[in-house]
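Everything below belongs to model29.cif, which stores mmCIF, C-alpha atoms and all ligand atoms.
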data_query
#
loop_
_atom_site.label_atom_id
_atom_site.label_comp_id
_atom_site.auth_asym_id
_atom_site.auth_seq_id
_atom_site.Cartn_x
_atom_site.Cartn_y
_atom_site.Cartn_z
CA MET D 1 -1.86 9.97 -15.98
CA LYS D 2 0.85 9.07 -13.54
CA PHE D 3 3.78 6.88 -14.42
CA ARG D 4 2.98 3.21 -14.15
CA LEU D 5 5.14 0.17 -14.70
CA VAL D 6 3.66 -1.39 -17.77
CA THR D 7 4.94 -2.84 -20.98
CA ALA D 8 3.80 -1.39 -24.25
CA ALA D 9 1.57 -4.38 -24.83
CA ALA D 10 -0.05 -4.04 -21.45
CA ALA D 11 -0.56 -0.33 -22.00
CA VAL D 12 -2.47 -1.03 -25.19
CA THR D 13 -4.65 -3.53 -23.39
CA ALA D 14 -5.18 -1.13 -20.53
CA SER D 15 -6.25 1.73 -22.75
CA THR D 16 -8.63 -0.56 -24.60
CA PHE D 17 -10.34 -1.55 -21.38
CA ALA D 18 -10.24 1.99 -20.04
CA ALA D 19 -12.11 3.17 -23.11
CA SER D 20 -14.89 0.75 -22.33
CA GLY D 21 -15.02 1.88 -18.72
CA ALA D 22 -14.17 -1.56 -17.36
CA ALA D 23 -11.68 -2.16 -14.61
CA PHE D 24 -8.22 -3.14 -15.72
CA ALA D 25 -4.88 -3.89 -14.18
CA ALA D 26 -1.28 -3.30 -15.11
CA HIS D 27 -0.95 -6.90 -16.12
CA ASP D 28 2.61 -6.59 -17.24
CA THR D 29 3.82 -10.17 -17.21
CA ASN D 30 2.26 -13.57 -17.63
CA PRO D 31 4.81 -16.09 -16.36
CA SER D 32 2.26 -18.78 -17.15
CA ASP D 33 -1.46 -18.90 -17.80
CA ARG D 34 -1.95 -19.80 -14.15
CA VAL D 35 0.11 -16.97 -12.71
CA ASP D 36 -0.96 -13.34 -12.72
CA SER D 37 1.46 -10.57 -11.89
CA TYR D 38 0.78 -6.87 -11.45
CA ALA D 39 3.34 -4.12 -10.92
CA TYR D 40 2.70 -0.55 -9.86
CA ALA D 41 4.62 2.56 -8.91
CA LEU D 42 4.14 3.71 -5.33
CA THR D 43 3.81 7.47 -4.96
CA ALA D 44 3.71 9.81 -1.97
CA VAL D 45 0.28 10.45 -0.47
CA GLN D 46 1.00 13.45 1.75
CA SER D 47 1.41 17.00 0.51
CA SER D 48 4.94 18.05 -0.37
CA SER D 49 4.64 20.57 2.47
CA VAL D 50 4.62 17.76 5.05
CA PRO D 51 8.22 17.23 6.27
CA ASN D 52 9.80 13.82 5.77
CA ALA D 53 6.88 12.58 3.68
CA ALA D 54 8.54 12.47 0.25
CA ALA D 55 8.88 8.77 -0.58
CA SER D 56 8.72 6.56 -3.65
CA GLY D 57 8.70 2.91 -4.50
CA THR D 58 7.41 0.01 -6.52
CA THR D 59 5.28 -3.02 -5.79
CA ARG D 60 4.48 -6.30 -7.44
CA ILE D 61 1.54 -8.55 -6.66
CA THR D 62 1.64 -12.12 -7.95
CA THR D 63 -1.05 -14.75 -7.64
CA LEU D 64 0.16 -18.34 -7.68
CA PRO D 65 -1.51 -21.60 -8.78
CA ASN D 66 -1.24 -23.00 -5.26
CA GLY D 67 -3.67 -20.38 -4.03
CA LYS D 68 -1.05 -18.18 -2.45
CA ILE D 69 -0.28 -14.56 -3.13
CA ARG D 70 3.15 -12.94 -3.25
CA VAL D 71 3.56 -9.25 -2.50
CA GLN D 72 6.83 -7.42 -3.01
CA VAL D 73 7.45 -3.82 -1.98
CA THR D 74 10.60 -1.76 -2.49
CA ALA D 75 10.60 1.81 -1.24
CA ASP D 76 12.89 4.70 -0.39
CA GLY D 77 12.40 7.88 1.56
CA LEU D 78 10.56 6.24 4.44
CA ALA D 79 11.18 7.01 8.12
CA PRO D 80 14.49 5.26 8.92
CA GLY D 81 14.60 2.63 11.62
CA LEU D 82 10.84 2.56 12.06
CA PRO D 83 8.26 -0.11 11.19
CA HIS D 84 5.88 0.64 8.35
CA ALA D 85 2.43 -0.89 8.43
CA MET D 86 1.48 -2.00 4.91
CA HIS D 87 -1.81 -3.29 3.60
CA LEU D 88 -3.70 -4.30 0.52
CA HIS D 89 -6.59 -1.87 0.49
CA GLY D 90 -9.62 -2.28 -1.69
CA VAL D 91 -13.26 -3.08 -2.01
CA ASP D 92 -14.03 -6.77 -1.70
CA GLY D 93 -15.90 -8.19 -4.67
CA ALA D 94 -16.33 -7.14 -8.27
CA ALA D 95 -16.39 -3.39 -7.65
CA THR D 96 -13.13 -1.60 -8.10
CA ASP D 97 -11.92 1.22 -5.90
CA ASN D 98 -11.07 4.82 -6.64
CA GLY D 99 -7.29 4.68 -6.66
CA CYS D 100 -4.94 6.56 -4.41
CA PRO D 101 -5.59 9.73 -2.44
CA GLY D 102 -3.51 12.83 -3.03
CA PRO D 103 -3.13 15.91 -0.86
CA GLY D 104 -6.65 16.94 -1.86
CA ALA D 105 -7.96 14.10 0.29
CA ASP D 106 -7.19 16.19 3.38
CA THR D 107 -10.83 17.08 3.82
CA ASP D 108 -10.53 18.40 7.38
CA GLY D 109 -7.76 20.73 6.28
CA ASP D 110 -5.29 19.89 9.04
CA GLY D 111 -2.48 19.42 6.52
CA PHE D 112 -2.29 15.63 6.78
CA VAL D 113 -4.07 12.87 4.89
CA SER D 114 -5.30 10.42 7.51
CA VAL D 115 -6.30 6.80 7.00
CA PRO D 116 -10.03 7.63 7.11
CA GLU D 117 -9.54 10.47 4.63
CA GLY D 118 -7.89 8.00 2.24
CA GLY D 119 -10.60 5.42 2.71
CA PRO D 120 -12.99 6.77 0.07
CA PHE D 121 -10.17 6.27 -2.45
CA TYR D 122 -8.40 3.05 -1.55
CA GLY D 123 -11.11 1.30 0.45
CA GLY D 124 -10.73 -0.81 3.54
CA ILE D 125 -7.98 -3.20 4.58
CA LEU D 126 -8.22 -6.56 2.83
CA THR D 127 -4.79 -7.90 3.78
CA SER D 128 -2.11 -6.93 6.29
CA LEU D 129 1.35 -7.21 4.74
CA THR D 130 3.05 -8.46 7.88
CA THR D 131 6.43 -10.17 7.89
CA THR D 132 5.24 -13.16 9.93
CA GLY D 133 2.00 -14.65 11.22
CA ASP D 134 -1.52 -13.44 10.60
CA THR D 135 -2.24 -11.38 7.47
CA THR D 136 -5.87 -10.47 8.07
CA ALA D 137 -7.15 -7.00 8.91
CA SER D 138 -6.84 -8.00 12.58
CA SER D 139 -3.10 -7.36 12.25
CA ALA D 140 -3.56 -3.90 10.74
CA LEU D 141 -1.61 -2.20 13.52
CA ALA D 142 0.67 -5.03 14.66
CA LEU D 143 3.73 -2.81 14.31
CA ASP D 144 6.08 -5.45 15.72
CA ARG D 145 5.38 -7.60 12.65
CA TYR D 146 5.95 -5.08 9.87
CA ALA D 147 9.05 -4.39 7.81
CA VAL D 148 11.41 -1.76 9.19
CA ALA D 149 13.09 0.79 6.95
CA ASP D 150 16.89 0.80 7.20
CA GLU D 151 19.00 3.76 8.28
CA THR D 152 18.74 5.28 4.80
CA GLY D 153 14.96 5.00 4.67
CA HIS D 154 15.02 2.04 2.28
CA LEU D 155 12.50 -0.72 2.77
CA SER D 156 12.37 -4.09 1.06
CA TYR D 157 9.55 -6.58 1.60
CA SER D 158 8.63 -9.86 0.01
CA ARG D 159 6.29 -12.48 1.36
CA THR D 160 4.39 -15.36 -0.16
CA PHE D 161 1.39 -16.32 1.91
CA ARG D 162 -2.19 -17.51 1.93
CA ASN D 163 -4.82 -14.79 2.17
CA ASP D 164 -8.04 -15.48 0.31
CA SER D 165 -9.28 -11.89 0.30
CA GLY D 166 -5.99 -10.60 -1.10
CA LEU D 167 -5.90 -13.37 -3.68
CA ALA D 168 -9.47 -12.82 -4.84
CA ASN D 169 -8.96 -9.07 -5.23
CA ALA D 170 -5.34 -9.03 -6.37
CA ASP D 171 -6.20 -7.26 -9.62
CA THR D 172 -8.07 -4.36 -8.02
CA VAL D 173 -6.19 -3.44 -4.86
CA GLN D 174 -3.99 -0.59 -3.72
CA VAL D 175 -0.80 -1.21 -1.80
CA VAL D 176 -0.56 1.38 0.99
CA VAL D 177 2.55 1.91 3.13
CA HIS D 178 2.01 3.85 6.35
CA GLY D 179 4.16 5.83 8.77
CA VAL D 180 5.61 9.34 8.50
CA ASP D 181 8.11 10.66 11.07
CA VAL D 182 6.97 14.23 10.50
CA ASP D 183 9.38 15.89 12.97
CA GLY D 184 12.25 13.57 12.05
CA ASP D 185 13.15 12.66 15.63
CA GLY D 186 13.33 8.92 14.93
CA THR D 187 10.07 7.99 16.62
CA TYR D 188 6.36 8.09 15.99
CA SER D 189 4.81 10.31 18.63
CA LEU D 190 2.26 13.00 19.34
CA THR D 191 4.78 15.67 18.34
CA ASP D 192 4.69 14.55 14.70
CA ALA D 193 1.23 15.68 13.75
CA GLY D 194 -0.23 16.74 17.09
CA GLU D 195 -3.17 14.44 16.69
CA ALA D 196 -4.67 11.78 18.89
CA PRO D 197 -4.21 8.12 17.91
CA LEU D 198 -6.66 6.86 15.30
CA VAL D 199 -7.53 3.99 17.60
CA PRO D 200 -7.95 5.35 21.13
CA GLY D 201 -6.03 3.36 23.70
CA SER D 202 -3.99 1.54 21.05
CA GLY D 203 -0.79 3.34 21.92
CA ILE D 204 -0.17 3.69 18.17
CA PRO D 205 0.55 7.35 17.38
CA PHE D 206 -1.33 9.03 14.56
CA SER D 207 1.89 9.48 12.57
CA ALA D 208 2.51 5.71 12.50
CA THR D 209 -0.78 5.32 10.66
CA MET D 210 -0.44 8.20 8.19
CA PRO D 211 -0.41 6.85 4.62
CA ALA D 212 3.02 7.51 3.13
CA LEU D 213 2.89 5.64 -0.18
CA CYS D 214 0.11 4.29 -2.36
CA GLY D 215 -0.07 2.52 -5.68
CA GLY D 216 -2.27 0.09 -7.54
CA ILE D 217 -5.23 -0.28 -9.77
CA ALA D 218 -6.96 2.85 -11.04
CA ASN D 219 -4.15 5.31 -10.47
CA CA Q 301 -6.58 15.62 7.39
CA CA Q 302 8.63 11.76 15.20
CU CU Q 303 -3.29 0.52 5.17
#
Rendering of file as structure tokens:
Amino acid sequence: MKFRLVTAAAAVTASTFAASGAAFAAHDTNPSDRVDSYAYALTAVQSSSVPNAAASGTTRITTLPNGKIRVQVTADGLAPGLPHAMHLHGVDGAATDNGCPGPGADTDGDGFVSVPEGGPFYGGILTSLTTTGDTTASSALALDRYAVADETGHLSYSRTFRNDSGLANADTVQVVVHGVDVDGDGTYSLTDAGEAPLVPGSGIPFSATMPALCGGIAN
């Protein structure tokens, strides 16, 4: 089992629920009985053989009594100076998802884990973790409204917002951070992975959509 940010008490609870086969969350703090908070480690999705894809981080998801959700992400090792699309991925409703993809998710064998290849693990996009404005899946690729990693590859994000899908599924989602500058030239382009954009005509290069980090329930 991978490292996860949990207290001893939460770990006991988690293992109890795991034994019964039920879904559980790293419910590490209870600021009040009306606030739920979940913290997870974010780990690299791509194979270690992919250049510039080694990243790490942490995330915290907090649901608030006013019906809002707060998502915090801190990460290092991301492509410097570039925006990183981030989403809450999951399966809407009671069903949980299958955690985070690893290198084995590269089913077409091209060396890269694409968004569709990760889908069977982390599910669809429930919430877009933009810095301003809309947070629905419609903003999935609104790269001008995502956090930008600094010159060292560090990224820090915190936003409190209203998103009913994210709120309802806060205990069973994955946080996924996208964008790998494979050739390290400071841009996302065709030369990174040599693949066509996921969304034809979008002008968003494939490498901008590559999942870099993932963490959450079930992993
Ligand atoms: Ca692939
Ligand atoms: Ca590049
Ligand atoms: Cu995503």
- Item | For Val173 in chain D: contacts at 12 Å, all atoms listed in the file, fewer than 3 positions along chain excluded, given as a PyMOL selection string | chain D and resi 23-26+38-40+59-61+71+87-100+121-127+165-170+176+214-219
Based on the selection just made, write C-alpha atoms of those residues as a JSON list (two decimals), in the coordinates of the input.
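Once written, selection-v6.json looks like this:
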[["chain", "number", "residue", "atom", "x", "y", "z"],
["D", 23, "ALA", "CA", -11.68, -2.16, -14.61],
["D", 24, "PHE", "CA", -8.22, -3.14, -15.72],
["D", 25, "ALA", "CA", -4.88, -3.89, -14.18],
["D", 26, "ALA", "CA", -1.28, -3.30, -15.11],
["D", 38, "TYR", "CA", 0.78, -6.87, -11.45],
["D", 39, "ALA", "CA", 3.34, -4.12, -10.92],
["D", 40, "TYR", "CA", 2.70, -0.55, -9.86],
["D", 59, "THR", "CA", 5.28, -3.02, -5.79],
["D", 60, "ARG", "CA", 4.48, -6.30, -7.44],
["D", 61, "ILE", "CA", 1.54, -8.55, -6.66],
["D", 71, "VAL", "CA", 3.56, -9.25, -2.50],
["D", 87, "HIS", "CA", -1.81, -3.29, 3.60],
["D", 88, "LEU", "CA", -3.70, -4.30, 0.52],
["D", 89, "HIS", "CA", -6.59, -1.87, 0.49],
["D", 90, "GLY", "CA", -9.62, -2.28, -1.69],
["D", 91, "VAL", "CA", -13.26, -3.08, -2.01],
["D", 92, "ASP", "CA", -14.03, -6.77, -1.70],
["D", 93, "GLY", "CA", -15.90, -8.19, -4.67],
["D", 94, "ALA", "CA", -16.33, -7.14, -8.27],
["D", 95, "ALA", "CA", -16.39, -3.39, -7.65],
["D", 96, "THR", "CA", -13.13, -1.60, -8.10],
["D", 97, "ASP", "CA", -11.92, 1.22, -5.90],
["D", 98, "ASN", "CA", -11.07, 4.82, -6.64],
["D", 99, "GLY", "CA", -7.29, 4.68, -6.66],
["D", 100, "CYS", "CA", -4.94, 6.56, -4.41],
["D", 121, "PHE", "CA", -10.17, 6.27, -2.45],
["D", 122, "TYR", "CA", -8.40, 3.05, -1.55],
["D", 123, "GLY", "CA", -11.11, 1.30, 0.45],
["D", 124, "GLY", "CA", -10.73, -0.81, 3.54],
["D", 125, "ILE", "CA", -7.98, -3.20, 4.58],
["D", 126, "LEU", "CA", -8.22, -6.56, 2.83],
["D", 127, "THR", "CA", -4.79, -7.90, 3.78],
["D", 165, "SER", "CA", -9.28, -11.89, 0.30],
["D", 166, "GLY", "CA", -5.99, -10.60, -1.10],
["D", 167, "LEU", "CA", -5.90, -13.37, -3.68],
["D", 168, "ALA", "CA", -9.47, -12.82, -4.84],
["D", 169, "ASN", "CA", -8.96, -9.07, -5.23],
["D", 170, "ALA", "CA", -5.34, -9.03, -6.37],
["D", 176, "VAL", "CA", -0.56, 1.38, 0.99],
["D", 214, "CYS", "CA", 0.11, 4.29, -2.36],
["D", 215, "GLY", "CA", -0.07, 2.52, -5.68],
["D", 216, "GLY", "CA", -2.27, 0.09, -7.54],
["D", 217, "ILE", "CA", -5.23, -0.28, -9.77],
["D", 218, "ALA", "CA", -6.96, 2.85, -11.04],
["D", 219, "ASN", "CA", -4.15, 5.31, -10.47]]
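Selection of all polymer residues within 8 Å of ligand CA 302 (chain Q) on the basis of all atoms listed in the file gives Val180, Asp181, Val182, Asp183, Gly184, Asp185, Gly186, Thr187, Tyr188, Ser189, Leu190, Thr191, Asp192 and Ser207 of chain D.
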- Using CA of Thr74 in chain D and CA of Asp144 in chain D as the two end points, give the distance in Å to one decimal. 19.1 Å
Please check which protein, DNA or RNA residues sit within 10 Å of ligand CA 301 (chain Q), counting all atoms listed in the file, and write them as a compact mmCIF listing (two decimals) with C-alpha atoms, in the coordinates of the input.
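Writing done, so here's pocket-v5.txt:
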# COMPACT_ATOMS: atom_id res chain seq x y z
CA GLN D 46 1.00 13.45 1.75
CA PRO D 103 -3.13 15.91 -0.86
CA GLY D 104 -6.65 16.94 -1.86
CA ALA D 105 -7.96 14.10 0.29
CA ASP D 106 -7.19 16.19 3.38
CA THR D 107 -10.83 17.08 3.82
CA ASP D 108 -10.53 18.40 7.38
CA GLY D 109 -7.76 20.73 6.28
CA ASP D 110 -5.29 19.89 9.04
CA GLY D 111 -2.48 19.42 6.52
CA PHE D 112 -2.29 15.63 6.78
CA VAL D 113 -4.07 12.87 4.89
CA SER D 114 -5.30 10.42 7.51
CA VAL D 115 -6.30 6.80 7.00
CA PRO D 116 -10.03 7.63 7.11
CA GLU D 117 -9.54 10.47 4.63
CA GLY D 118 -7.89 8.00 2.24
CA GLU D 195 -3.17 14.44 16.69
CA MET D 210 -0.44 8.20 8.19
- Task: Find the residue from D:Arg70, D:His178, D:Arg162, D:His84 that sits nearest to Thr135 in chain D; use all atoms listed in the file when measuring.
- Result: D:Arg162
- Would you please work out which residue, of D:Pro83, D:Pro197, D:Gly179, D:Pro65, is nearest to ligand CU 303 (chain Q) when using all atoms listed in the file?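 Distance minimum relative to ligand CU 303 (chain Q) lands on D:Gly179.
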- Message: Under the rule that only C-alpha atoms are counted, which of D:Thr132, D:Ser202, D:Ser139, D:Ser56 is the nearest residue to His154 in chain D?
- Response: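 Looking only at the distances to His154 in chain D, the closest residue turns out to be D:Ser56.
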- Between CA of Ala53 in chain D and CA of Thr152 in chain D, measure the distance and give it in Å to one decimal. 14.0 Å
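Atom to atom, CA of Gln72 in chain D and CA of Ser48 in chain D stand 25.7 Å apart.
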- Residue nearest Val199 in chain D among D:Leu141, D:Arg34, D:Ala79, D:Val175 (counting all atoms listed in the file):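 Once distances to Val199 in chain D are computed over all atoms listed in the file, the minimum belongs to D:Leu141.
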- Item | Given all atoms listed in the file as the counted atoms, nearest of D:Ala85, D:Ala140, D:Tyr157, D:Leu42 to Leu213 in chain D |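 Closest candidate: D:Leu42.
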- Quick one: everything within 10 Å of Ser156 in chain D, counting only C-alpha atoms, minus sequence neighbours fewer than 3 positions away in the same chain. Send it as number ranges by chain. D: 57-59, 72-76, 147-150
